[in-house]
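> Structure file input26.txt, compact mmCIF, C-alpha atoms, is pasted below:
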# COMPACT_ATOMS: atom_id res chain seq x y z
CA MET A 1 120.43 49.83 53.98
CA LYS A 2 123.04 51.86 55.85
CA SER A 3 122.70 54.68 53.35
CA LYS A 4 118.92 54.77 53.91
CA ILE A 5 119.39 54.90 57.68
CA TYR A 6 121.95 57.64 57.25
CA LEU A 7 119.59 59.59 55.00
CA LEU A 8 116.74 59.16 57.47
CA GLY A 9 119.01 60.44 60.23
CA LEU A 10 119.87 63.52 58.19
CA ILE A 11 116.19 64.22 57.58
CA MET A 12 115.38 63.91 61.29
CA PHE A 13 118.30 66.17 62.19
CA PHE A 14 117.06 68.70 59.65
CA PHE A 15 113.57 68.80 61.16
CA ILE A 16 114.88 69.02 64.73
CA SER A 17 117.20 71.85 63.71
CA CYS A 18 114.36 73.69 62.02
CA LYS A 19 112.22 73.31 65.12
CA LYS A 20 114.98 74.80 67.24
CA GLU A 21 115.50 77.65 64.79
CA ASN A 22 111.77 78.34 64.84
CA SER A 23 111.70 78.69 68.61
CA ILE A 24 110.14 82.05 69.50
CA LYS A 25 112.68 84.63 70.62
CA VAL A 26 111.61 87.04 73.35
CA THR A 27 114.18 89.68 74.13
CA THR A 28 115.00 92.39 76.62
CA ASN A 29 113.56 94.91 74.16
CA ASP A 30 110.26 93.01 74.13
CA PHE A 31 109.98 93.10 77.92
CA CYS A 32 110.97 96.77 78.09
CA ALA A 33 108.32 97.54 75.47
CA ALA A 34 105.68 95.85 77.62
CA VAL A 35 106.70 97.88 80.68
CA ASP A 36 106.73 101.07 78.58
CA THR A 37 103.25 100.28 77.28
CA VAL A 38 101.95 99.90 80.83
CA THR A 39 103.68 103.15 81.83
CA GLY A 40 102.04 105.00 78.95
CA ILE A 41 98.65 103.70 80.00
CA MET A 42 99.25 104.73 83.61
CA VAL A 43 100.19 108.26 82.55
CA HIS A 44 97.02 108.41 80.46
CA ASP A 45 94.85 107.02 83.26
CA ILE A 46 96.53 109.32 85.86
CA PHE A 47 97.42 106.81 88.56
CA SER A 48 98.81 108.06 91.86
CA PRO A 49 102.38 107.07 92.80
CA PRO A 50 101.17 104.51 95.38
CA VAL A 51 98.80 102.79 92.96
CA ALA A 52 101.42 102.97 90.20
CA SER A 53 103.87 101.11 92.43
CA ARG A 54 101.34 98.30 92.78
CA ILE A 55 100.79 98.17 89.02
CA TYR A 56 104.52 97.72 88.48
CA VAL A 57 105.38 95.19 91.15
CA TYR A 58 102.89 92.35 90.67
CA PRO A 59 103.36 91.85 86.90
CA ASN A 60 107.13 91.92 87.36
CA VAL A 61 106.98 89.33 90.12
CA ALA A 62 104.79 87.12 87.89
CA ALA A 63 107.40 87.28 85.12
CA TYR A 64 110.27 86.75 87.53
CA GLU A 65 108.73 83.65 89.09
CA ILE A 66 108.47 82.00 85.68
CA MET A 67 111.98 83.07 84.71
CA ALA A 68 113.36 81.68 87.98
CA GLN A 69 111.82 78.22 87.41
CA ASN A 70 114.59 75.65 86.85
CA SER A 71 117.13 78.48 86.62
CA THR A 72 120.78 77.95 87.47
CA LYS A 73 121.26 81.63 88.29
CA TYR A 74 118.06 82.94 89.89
CA GLN A 75 115.94 81.63 92.72
CA SER A 76 112.26 82.03 93.40
CA LEU A 77 110.77 84.70 95.64
CA GLN A 78 108.37 82.15 97.11
CA GLY A 79 108.70 82.33 100.87
CA GLN A 80 110.55 85.64 100.58
CA LEU A 81 107.56 87.84 99.72
CA LYS A 82 104.67 87.77 102.15
CA GLY A 83 101.94 85.39 101.06
CA LEU A 84 103.74 84.16 97.96
CA ASP A 85 104.01 80.47 98.80
CA SER A 86 103.70 78.67 95.47
CA ILE A 87 103.08 78.96 91.73
CA PRO A 88 102.37 76.18 89.19
CA LYS A 89 105.56 74.20 88.71
CA LEU A 90 107.18 74.15 85.30
CA ASP A 91 107.87 70.76 83.76
CA SER A 92 111.18 71.03 81.95
CA LYS A 93 109.83 68.62 79.32
CA SER A 94 106.66 70.60 78.64
CA GLY A 95 108.11 72.62 75.77
CA VAL A 96 107.32 75.92 77.50
CA ASN A 97 109.37 78.90 76.37
CA LYS A 98 110.08 80.58 79.72
CA ASN A 99 110.75 84.02 78.29
CA LEU A 100 107.54 83.89 76.32
CA ALA A 101 105.48 82.65 79.27
CA ALA A 102 107.03 85.34 81.52
CA LEU A 103 106.04 88.15 79.17
CA ILE A 104 102.53 86.74 78.73
CA ALA A 105 102.09 86.58 82.52
CA HIS A 106 103.36 90.15 82.85
CA ILE A 107 100.84 91.43 80.34
CA GLU A 108 97.97 89.43 81.81
CA VAL A 109 98.53 90.65 85.38
CA SER A 110 99.06 94.23 84.17
CA LYS A 111 95.74 94.12 82.34
CA GLN A 112 93.87 93.56 85.58
CA LEU A 113 95.51 96.54 87.26
CA ILE A 114 94.88 99.32 84.75
CA PHE A 115 91.78 101.10 83.43
CA SER A 116 92.47 101.39 79.69
CA GLU A 117 92.59 97.65 79.05
CA GLU A 118 91.97 98.01 75.32
CA ALA A 119 95.34 99.75 74.84
CA LEU A 120 97.19 96.87 76.45
CA GLU A 121 95.06 94.28 74.64
CA LYS A 122 96.03 95.88 71.33
CA PHE A 123 99.70 95.56 72.25
CA ARG A 124 99.18 91.97 73.45
CA ASP A 125 97.17 90.83 70.43
CA SER A 126 99.82 92.06 68.00
CA LEU A 127 102.39 89.97 69.84
CA TYR A 128 100.11 86.95 70.04
CA GLU A 129 99.58 87.00 66.28
CA LYS A 130 103.31 87.30 65.66
CA TRP A 131 104.21 84.49 68.05
CA GLU A 132 101.53 82.14 66.78
CA ASN A 133 102.80 82.59 63.24
CA GLU A 134 106.34 81.85 64.35
CA ASN A 135 105.59 78.67 66.28
CA ALA A 136 101.95 77.91 67.14
CA GLU A 137 102.70 74.88 69.29
CA GLU A 138 105.31 76.59 71.43
CA PHE A 139 103.16 79.71 71.73
CA LEU A 140 100.08 77.83 72.93
CA VAL A 141 101.85 75.73 75.56
CA SER A 142 103.78 78.77 76.82
CA LYS A 143 100.63 80.87 76.91
CA GLU A 144 98.79 78.20 78.89
CA TYR A 145 101.53 78.12 81.52
CA GLY A 146 101.91 81.92 81.62
CA LEU A 147 98.18 82.35 82.24
CA LYS A 148 98.22 79.77 85.03
CA VAL A 149 100.99 81.67 86.81
CA ALA A 150 99.18 84.97 86.20
CA ASP A 151 96.04 83.56 87.86
CA ARG A 152 98.08 82.53 90.90
CA ILE A 153 99.68 85.99 91.16
CA LYS A 154 96.27 87.64 90.85
CA LYS A 155 94.96 85.64 93.80
CA TRP A 156 98.03 86.58 95.82
CA MET A 157 97.80 90.30 95.07
CA GLY A 158 94.08 90.22 95.83
CA LYS A 159 94.95 89.67 99.48
CA ASP A 160 97.14 92.78 99.94
CA ASN A 161 94.31 94.87 101.47
CA TYR A 162 94.03 97.13 98.41
CA LYS A 163 90.34 96.38 97.81
CA GLN A 164 89.55 97.07 101.45
CA THR A 165 91.27 100.47 101.38
CA ARG A 166 88.97 101.50 98.50
CA THR A 167 86.09 101.55 100.97
CA PHE A 168 87.86 103.41 103.80
CA SER A 169 86.90 106.96 104.70
CA LYS A 170 88.48 110.03 103.12
CA PHE A 171 91.18 111.89 104.98
CA SER A 172 89.71 114.46 107.35
CA VAL A 173 91.01 118.02 107.16
CA TYR A 174 90.49 120.30 110.16
CA ALA A 175 91.22 123.92 109.38
CA ASN A 176 91.30 124.79 113.09
CA GLN A 177 94.31 122.53 113.73
CA PRO A 178 97.44 124.54 112.84
CA GLY A 179 100.35 122.66 111.34
CA ARG A 180 98.17 120.00 109.72
CA TRP A 181 98.02 119.39 106.00
CA GLN A 182 95.43 121.27 103.97
CA PRO A 183 94.50 120.99 100.25
CA THR A 184 96.59 123.25 98.02
CA PRO A 185 95.96 125.25 94.84
CA PRO A 186 95.08 125.16 92.07
CA ALA A 187 92.87 122.04 92.29
CA TYR A 188 92.56 121.76 96.09
CA MET A 189 92.35 117.97 95.78
CA ASP A 190 91.56 115.59 98.60
CA ALA A 191 94.54 113.80 100.12
CA VAL A 192 95.65 110.90 97.94
CA GLU A 193 95.75 107.37 99.36
CA PRO A 194 95.59 108.20 103.09
CA HIS A 195 95.36 104.49 103.97
CA TRP A 196 98.26 103.24 101.85
CA GLY A 197 100.26 102.44 104.96
CA GLU A 198 97.76 99.61 105.52
CA ILE A 199 98.69 97.85 102.28
CA ARG A 200 100.51 94.56 102.89
CA THR A 201 104.26 94.97 102.73
CA LEU A 202 106.20 92.42 100.71
CA VAL A 203 109.54 92.27 102.55
CA MET A 204 109.46 94.79 105.39
CA ASP A 205 108.09 93.63 108.75
CA SER A 206 105.57 96.48 108.66
CA ALA A 207 104.98 99.92 107.16
CA SER A 208 106.62 101.49 110.20
CA GLN A 209 109.78 99.35 110.25
CA PHE A 210 111.87 102.23 108.89
CA LYS A 211 110.04 105.10 110.55
CA PRO A 212 112.19 108.22 110.25
CA ILE A 213 112.99 110.61 113.07
CA ALA A 214 110.16 112.98 113.92
CA PRO A 215 109.74 116.25 111.99
CA TYR A 216 110.35 119.53 113.75
CA PRO A 217 107.45 120.58 116.01
CA PHE A 218 105.11 122.97 114.29
CA SER A 219 105.65 126.59 115.24
CA THR A 220 105.12 130.08 113.85
CA ASP A 221 107.82 131.52 116.09
CA LYS A 222 110.49 133.07 113.85
CA ASN A 223 113.20 131.55 116.03
CA SER A 224 111.83 128.01 115.75
CA ALA A 225 113.36 125.29 113.58
CA PHE A 226 110.07 124.85 111.74
CA TYR A 227 109.82 128.52 110.77
CA LYS A 228 113.48 128.61 109.70
CA GLU A 229 112.96 125.62 107.43
CA ALA A 230 109.93 127.23 105.84
CA LYS A 231 111.88 130.46 105.41
CA GLU A 232 114.66 128.54 103.65
CA THR A 233 112.16 127.03 101.19
CA TYR A 234 110.72 130.51 100.65
CA ASP A 235 114.14 132.11 100.12
CA VAL A 236 115.32 129.40 97.72
CA GLY A 237 112.12 129.81 95.71
CA ASN A 238 112.61 133.55 95.52
CA MET A 239 116.25 133.14 94.50
CA ILE A 240 115.24 130.90 91.60
CA SER A 241 112.46 133.31 90.59
CA GLU A 242 114.94 136.18 90.52
CA LYS A 243 117.27 134.18 88.28
CA LEU A 244 114.40 133.41 85.92
CA ILE A 245 113.39 137.07 85.77
CA ALA A 246 117.00 138.09 85.04
CA MET A 247 117.18 135.42 82.34
CA GLU A 248 114.11 136.83 80.59
CA LYS A 249 115.33 140.41 81.02
CA ASN A 250 118.68 139.57 79.42
CA LYS A 251 116.93 137.49 76.74
CA SER A 252 119.03 134.53 77.76
CA THR A 253 118.08 130.93 76.93
CA VAL A 254 120.13 129.47 79.78
CA ILE A 255 117.67 128.32 82.44
CA PRO A 256 118.98 128.35 86.03
CA GLU A 257 120.28 124.92 87.06
CA GLU A 258 118.03 124.80 90.14
CA SER A 259 114.96 125.41 87.98
CA ASP A 260 116.04 122.75 85.48
CA ILE A 261 116.50 120.21 88.27
CA ALA A 262 113.15 121.00 89.85
CA THR A 263 111.31 120.64 86.55
CA PHE A 264 113.13 117.47 85.49
CA TRP A 265 112.21 115.63 88.69
CA ASP A 266 108.72 117.09 89.08
CA CYS A 267 107.03 113.73 88.35
CA ASN A 268 103.63 114.99 89.49
CA PRO A 269 100.83 113.07 87.72
CA TYR A 270 98.31 115.47 89.27
CA ALA A 271 99.74 118.69 87.80
CA THR A 272 96.96 120.82 86.33
CA VAL A 273 96.75 123.70 83.90
CA THR A 274 94.11 126.43 84.11
CA GLN A 275 92.94 128.25 80.99
CA GLY A 276 90.10 130.65 81.63
CA HIS A 277 87.36 128.69 83.34
CA MET A 278 88.84 125.34 82.31
CA MET A 279 91.21 123.15 84.27
CA PHE A 280 92.82 120.03 82.83
CA ALA A 281 95.53 117.57 83.77
CA LYS A 282 99.08 118.03 82.53
CA LYS A 283 99.98 114.36 82.36
CA LYS A 284 103.42 113.33 83.55
CA ASN A 285 105.43 110.38 84.82
CA SER A 286 105.17 109.48 88.49
CA PRO A 287 108.42 108.95 90.45
CA ASP A 288 107.83 105.19 90.02
CA ALA A 289 107.72 105.51 86.24
CA HIS A 290 110.84 107.65 86.20
CA TRP A 291 112.85 104.99 88.01
CA MET A 292 111.41 102.20 85.88
CA ASN A 293 112.67 104.09 82.86
CA ILE A 294 116.09 104.52 84.45
CA THR A 295 116.11 100.75 84.91
CA LYS A 296 115.43 100.33 81.19
CA ILE A 297 118.21 102.78 80.31
CA ALA A 298 120.68 100.78 82.40
CA LEU A 299 119.56 97.47 80.90
CA LYS A 300 119.98 98.70 77.35
CA LYS A 301 123.32 100.38 78.00
CA ASN A 302 124.56 97.19 79.63
CA LYS A 303 123.12 95.07 76.78
CA SER A 304 121.53 92.87 79.44
CA ASP A 305 119.91 89.56 78.58
CA PHE A 306 116.26 88.75 79.20
CA GLU A 307 116.81 87.18 82.62
CA THR A 308 118.77 90.18 83.91
CA CYS A 309 116.05 92.43 82.53
CA VAL A 310 113.27 90.71 84.47
CA PHE A 311 115.45 90.52 87.59
CA ALA A 312 116.28 94.25 87.50
CA TYR A 313 112.70 95.38 86.91
CA THR A 314 111.41 93.09 89.65
CA LYS A 315 113.89 94.05 92.32
CA THR A 316 113.54 97.76 91.57
CA SER A 317 109.74 97.60 91.57
CA ILE A 318 109.77 95.82 94.93
CA GLY A 319 111.93 98.64 96.29
CA VAL A 320 109.58 101.31 94.95
CA PHE A 321 106.56 99.47 96.35
CA GLU A 322 108.05 99.13 99.83
CA SER A 323 109.37 102.71 99.79
CA ILE A 324 105.96 104.18 99.08
CA ILE A 325 104.23 102.14 101.77
CA SER A 326 106.82 103.32 104.29
CA CYS A 327 106.70 106.93 103.12
CA TRP A 328 102.91 107.18 102.91
CA ASN A 329 102.56 105.64 106.34
CA GLU A 330 104.75 108.43 107.68
CA LYS A 331 103.01 111.16 105.68
CA PHE A 332 99.60 110.45 107.17
CA ARG A 333 100.96 109.67 110.63
CA THR A 334 102.70 113.03 111.03
CA ASN A 335 100.33 114.99 108.73
CA VAL A 336 102.69 117.95 108.21
CA ILE A 337 101.56 121.16 106.52
CA ARG A 338 103.04 121.91 103.08
CA PRO A 339 105.40 124.89 102.59
CA GLU A 340 102.96 126.63 100.25
CA THR A 341 100.24 126.70 102.92
CA TYR A 342 102.58 127.67 105.77
CA ILE A 343 104.37 130.40 103.80
CA ASN A 344 101.10 131.91 102.56
CA GLN A 345 99.75 132.00 106.11
CA ASN A 346 102.85 133.17 107.93
CA ILE A 347 105.39 134.76 105.55
CA ASP A 348 104.03 135.85 102.17
CA GLU A 349 100.43 135.34 101.08
CA ASN A 350 101.34 135.81 97.40
CA TRP A 351 104.19 133.29 97.25
CA ARG A 352 103.90 130.30 94.93
CA PRO A 353 106.32 127.39 94.53
CA GLN A 354 107.86 126.62 91.13
CA LEU A 355 106.22 123.18 91.16
CA GLN A 356 102.59 122.47 91.94
CA THR A 357 102.25 121.02 95.42
CA PRO A 358 101.15 117.35 95.28
CA PRO A 359 97.94 116.45 97.14
CA PHE A 360 99.18 114.76 100.30
CA PRO A 361 101.05 115.68 103.51
CA GLU A 362 104.64 116.86 103.43
CA TYR A 363 106.76 114.60 105.65
CA THR A 364 108.73 112.72 104.36
CA SER A 365 109.56 113.54 100.74
CA GLY A 366 108.30 110.71 98.55
CA HIS A 367 110.80 111.27 95.75
CA SER A 368 113.65 111.32 98.27
CA VAL A 369 112.60 107.95 99.71
CA ILE A 370 111.83 106.28 96.38
CA SER A 371 114.92 107.60 94.59
CA SER A 372 117.37 106.73 97.38
CA CYS A 373 116.03 103.18 97.66
CA SER A 374 115.95 102.66 93.89
CA SER A 375 119.49 103.97 93.45
CA LEU A 376 120.87 101.45 95.95
CA ILE A 377 119.03 98.57 94.29
CA LEU A 378 120.20 99.53 90.80
CA THR A 379 123.74 100.03 92.10
CA SER A 380 123.64 96.50 93.53
CA ILE A 381 122.78 95.21 90.04
CA PHE A 382 124.84 97.40 87.69
CA GLY A 383 127.56 98.67 89.99
CA ASP A 384 128.55 102.07 91.33
CA ASN A 385 129.64 104.90 89.03
CA PHE A 386 127.31 103.61 86.30
CA SER A 387 127.02 106.67 84.06
CA TYR A 388 123.99 107.14 81.84
CA ILE A 389 121.86 109.73 80.10
CA ASP A 390 118.33 109.99 81.46
CA ASP A 391 115.72 110.52 78.74
CA SER A 392 112.73 109.76 80.99
CA GLU A 393 111.13 113.18 80.56
CA VAL A 394 111.70 113.65 76.83
CA PRO A 395 108.11 112.58 76.01
CA PHE A 396 106.96 115.49 78.20
CA GLY A 397 109.04 118.12 76.44
CA LEU A 398 112.07 118.14 78.75
CA PRO A 399 115.71 117.58 77.71
CA LYS A 400 117.89 114.64 78.65
CA ARG A 401 120.15 114.84 81.71
CA PRO A 402 123.47 113.02 82.22
CA PHE A 403 124.36 111.29 85.48
CA LYS A 404 127.56 109.69 86.70
CA SER A 405 125.75 107.23 88.96
CA PHE A 406 122.34 106.22 90.26
CA LYS A 407 123.24 107.74 93.62
CA GLN A 408 123.98 111.11 92.01
CA ALA A 409 120.58 110.99 90.32
CA ALA A 410 118.87 110.16 93.61
CA ALA A 411 120.61 113.05 95.36
CA GLU A 412 119.47 115.41 92.61
CA ALA A 413 115.90 114.08 92.77
CA ALA A 414 115.89 114.73 96.51
CA ILE A 415 117.15 118.31 96.41
CA SER A 416 114.75 119.06 93.55
CA ARG A 417 111.95 119.14 96.13
CA LEU A 418 113.56 122.13 97.86
CA TYR A 419 114.18 123.88 94.54
CA GLY A 420 110.59 123.20 93.54
CA GLY A 421 109.28 124.70 96.79
CA ILE A 422 107.21 121.68 97.81
CA HIS A 423 109.25 120.36 100.76
CA TYR A 424 111.30 121.49 103.74
CA ARG A 425 114.89 120.32 104.03
CA ALA A 426 114.17 117.93 106.94
CA ALA A 427 111.65 115.97 104.87
CA ILE A 428 114.24 115.65 102.11
CA GLU A 429 117.24 114.66 104.21
CA ASN A 430 115.32 112.32 106.50
CA GLY A 431 113.56 110.89 103.45
CA VAL A 432 116.95 110.04 101.96
CA VAL A 433 117.90 108.20 105.15
CA GLN A 434 114.57 106.38 105.11
CA GLY A 435 115.05 105.31 101.48
CA ASN A 436 118.65 104.24 102.08
CA ASN A 437 117.56 102.12 105.03
CA ILE A 438 114.92 100.38 102.94
CA GLY A 439 117.28 99.88 100.00
CA ASN A 440 120.05 98.41 102.16
CA TYR A 441 117.54 96.16 103.89
CA LEU A 442 116.17 94.81 100.60
CA ASN A 443 119.64 94.26 99.17
CA GLU A 444 120.51 92.21 102.23
CA LYS A 445 117.18 90.45 102.73
CA LEU A 446 116.17 89.45 99.19
CA LYS A 447 117.98 86.36 97.94
CA MET A 448 117.33 86.40 94.20
CA LEU A 449 120.72 85.22 92.91
CA LYS A 450 121.92 81.70 93.59
Could you render the structure from this file as structure tokens?


Amino acid sequence: MKSKIYLLGLIMFFFISCKKENSIKVTTNDFCAAVDTVTGIMVHDIFSPPVASRIYVYPNVAAYEIMAQNSTKYQSLQGQLKGLDSIPKLDSKSGVNKNLAALIAHIEVSKQLIFSEEALEKFRDSLYEKWENENAEEFLVSKEYGLKVADRIKKWMGKDNYKQTRTFSKFSVYANQPGRWQPTPPAYMDAVEPHWGEIRTLVMDSASQFKPIAPYPFSTDKNSAFYKEAKETYDVGNMISEKLIAMEKNKSTVIPEESDIATFWDCNPYATVTQGHMMFAKKKNSPDAHWMNITKIALKKNKSDFETCVFAYTKTSIGVFESIISCWNEKFRTNVIRPETYINQNIDENWRPQLQTPPFPEYTSGHSVISSCSSLILTSIFGDNFSYIDDSEVPFGLPKRPFKSFKQAAAEAAISRLYGGIHYRAAIENGVVQGNNIGNYLNEKLKMLK
């Protein structure tokens, strides 16, 4: 009798062990692949930096909220992000695989925010088939919970004023008002997202909480600060052009460092190419996508686990989202003319910047704000002096660049706007301060670790 009981016990242990071994494994690589898939779709669909920031943040928060349920290390963002008061509670006895549910929620929320849904559905369906074959019961219960959380996040994001801003009027351009922004060549596009400052902030009190100091007063007087800043942008652009001409003359393959930096950090999803009578988009990463990829690089170098992965993406995406709201609020409040327009009107009508001028006002520099904030958030997670090789622009034909720290990368991203000829120095330096203020505030305000 005892031997039968013992044998029965062994059989039960065997089945329990098999069930544990068959539990679906969802890794950091899986989550990074999902984010990369969304990034690829955004590049294809040509989303503006503000809209891209929204596409990143809500899916990441959905995943994070599931991951934080019953966690001993991470705590929920409920009550910390405006309007996020509750999500369906997770029963620890439900058999839900949190990692699996988190990734499902991320994909489901992302799907609602993009245009090319079929591309994401293809990615999702391949995973669903794999997971169902591995453990159908665990997959189904995890999927059910992940979709419930996704529905709750969708309702929350639906109240951020985005839909309302779709119906607001276009930005008015008055050619008879000197110093104001005007559309720039070659596409002469309308101003992008002029009402983004009205999107609900998540952590900041308001879009104007970290309003930078005022830009220099507009002036065409050669002794004015405004003229001198424009002249600096003009002179730097000419210096780089002269180096490029000398490089070609000497048949050298060594591109000037300033030109390399400008091109690497261009991140203009609206860049266009003209061939004859045709004009088409030269698709690129936005600044948001560049910093999401830097987050992935850090995660993989650090061999981070799934929870750290979701945490890092979520905190960084919140920083990017808040940064852009703050920056865009300032851009359309001050409405400063771009260097290309000012220089053509007042210094040299034939001058062109190395980079195409993005379609929105100049002050402050978006990349300066976003990069400075992101660098502080990533430093808070991975530490200072975290060296890495940035391969973010390889898919677009650019080489990798090494960095000794996130802060060094942010500083280079900022100065790239001067080298590229699309910003004045004040917009860059004050943008860095603005981004640092937001980053420090989020690091202090957000309580994500227990």

> How many Å separate atom CA of A:Pro178 from atom CA of A:Glu198?

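Atom-to-atom, atom CA of A:Pro178 and atom CA of A:Glu198 are spaced 26.0 Å apart.
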
> I'd like the contact shell of stretch 359-369 of chain A - 6 Å cut-off, only C-alpha atoms, skipping same-chain residues fewer than 5 positions apart - returned as a PyMOL selection string.

chain A and resi 181+189+191-192+331+335-336+338+414+427-428+431-432+434-435

> List every protein, DNA or RNA residue that has an atom no more than 12 Å from (104.2, 102.3, 87.1) in the file's coordinate frame, counting only C-alpha atoms, and report them as a PyMOL selection string.

chain A and resi 34-60+110+113-114+267+269+284-293+313-314+316-318+320-321

> Could you please take those selected residues and save C-alpha atoms as a CSV table (one decimal), in the frame of the given file?


chain,number,residue,atom,x,y,z
A,34,ALA,CA,105.7,95.8,77.6
A,35,VAL,CA,106.7,97.9,80.7
A,36,ASP,CA,106.7,101.1,78.6
A,37,THR,CA,103.2,100.3,77.3
A,38,VAL,CA,102.0,99.9,80.8
A,39,THR,CA,103.7,103.2,81.8
A,40,GLY,CA,102.0,105.0,79.0
A,41,ILE,CA,98.6,103.7,80.0
A,42,MET,CA,99.2,104.7,83.6
A,43,VAL,CA,100.2,108.3,82.6
A,44,HIS,CA,97.0,108.4,80.5
A,45,ASP,CA,94.8,107.0,83.3
A,46,ILE,CA,96.5,109.3,85.9
A,47,PHE,CA,97.4,106.8,88.6
A,48,SER,CA,98.8,108.1,91.9
A,49,PRO,CA,102.4,107.1,92.8
A,50,PRO,CA,101.2,104.5,95.4
A,51,VAL,CA,98.8,102.8,93.0
A,52,ALA,CA,101.4,103.0,90.2
A,53,SER,CA,103.9,101.1,92.4
A,54,ARG,CA,101.3,98.3,92.8
A,55,ILE,CA,100.8,98.2,89.0
A,56,TYR,CA,104.5,97.7,88.5
A,57,VAL,CA,105.4,95.2,91.2
A,58,TYR,CA,102.9,92.4,90.7
A,59,PRO,CA,103.4,91.8,86.9
A,60,ASN,CA,107.1,91.9,87.4
A,110,SER,CA,99.1,94.2,84.2
A,113,LEU,CA,95.5,96.5,87.3
A,114,ILE,CA,94.9,99.3,84.8
A,267,CYS,CA,107.0,113.7,88.4
A,269,PRO,CA,100.8,113.1,87.7
A,284,LYS,CA,103.4,113.3,83.6
A,285,ASN,CA,105.4,110.4,84.8
A,286,SER,CA,105.2,109.5,88.5
A,287,PRO,CA,108.4,109.0,90.4
A,288,ASP,CA,107.8,105.2,90.0
A,289,ALA,CA,107.7,105.5,86.2
A,290,HIS,CA,110.8,107.6,86.2
A,291,TRP,CA,112.8,105.0,88.0
A,292,MET,CA,111.4,102.2,85.9
A,293,ASN,CA,112.7,104.1,82.9
A,313,TYR,CA,112.7,95.4,86.9
A,314,THR,CA,111.4,93.1,89.6
A,316,THR,CA,113.5,97.8,91.6
A,317,SER,CA,109.7,97.6,91.6
A,318,ILE,CA,109.8,95.8,94.9
A,320,VAL,CA,109.6,101.3,95.0
A,321,PHE,CA,106.6,99.5,96.4

> Ranking A:Lys130, A:Lys228, A:Lys163, A:Arg124 by minimum distance to A:Trp196 and counting all atoms listed in the file, which one comes first?

A:Lys163

> For A:Tyr388, which residue among A:Lys296, A:His106, A:Arg425, A:Lys447 is the nearest when counting all atoms listed in the file?

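Checking each candidate against A:Tyr388, we get A:Lys296 as the closest.
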
> Residues within 9 Å of A:Ile377, please, as a PyMOL selection string. Count all atoms listed in the file; anything in the same chain fewer than 6 positions from it doesn't count.

chain A and resi 312+315-316+319+439-440+442-443

> Atom CA of A:Ser416 and atom CA of A:Glu258, how far apart in Å?

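Atom CA of A:Glu258 sits 7.4 Å away from atom CA of A:Ser416.
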
> Just give me the gap between atom CA of A:Asp348 and atom CA of A:Met247 in Å, one decimal is fine.

23.8 Å

> So which one's closest to A:Phe218, A:Arg200, A:Lys243, A:Lys170, A:Arg180? Using all atoms listed in the file, please.

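Checking each of A:Arg200, A:Lys243, A:Lys170, A:Arg180 against A:Phe218, counting all atoms listed in the file, the winner is A:Arg180.
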
> Which residues, protein or nucleic acid, reach to within 10 Å of (112.7, 84.4, 99.1) in the file's coordinates when using only C-alpha atoms, and can you give that as a VMD selection string?

chain A and resid 75 to 82 84 to 85 203 445 to 448
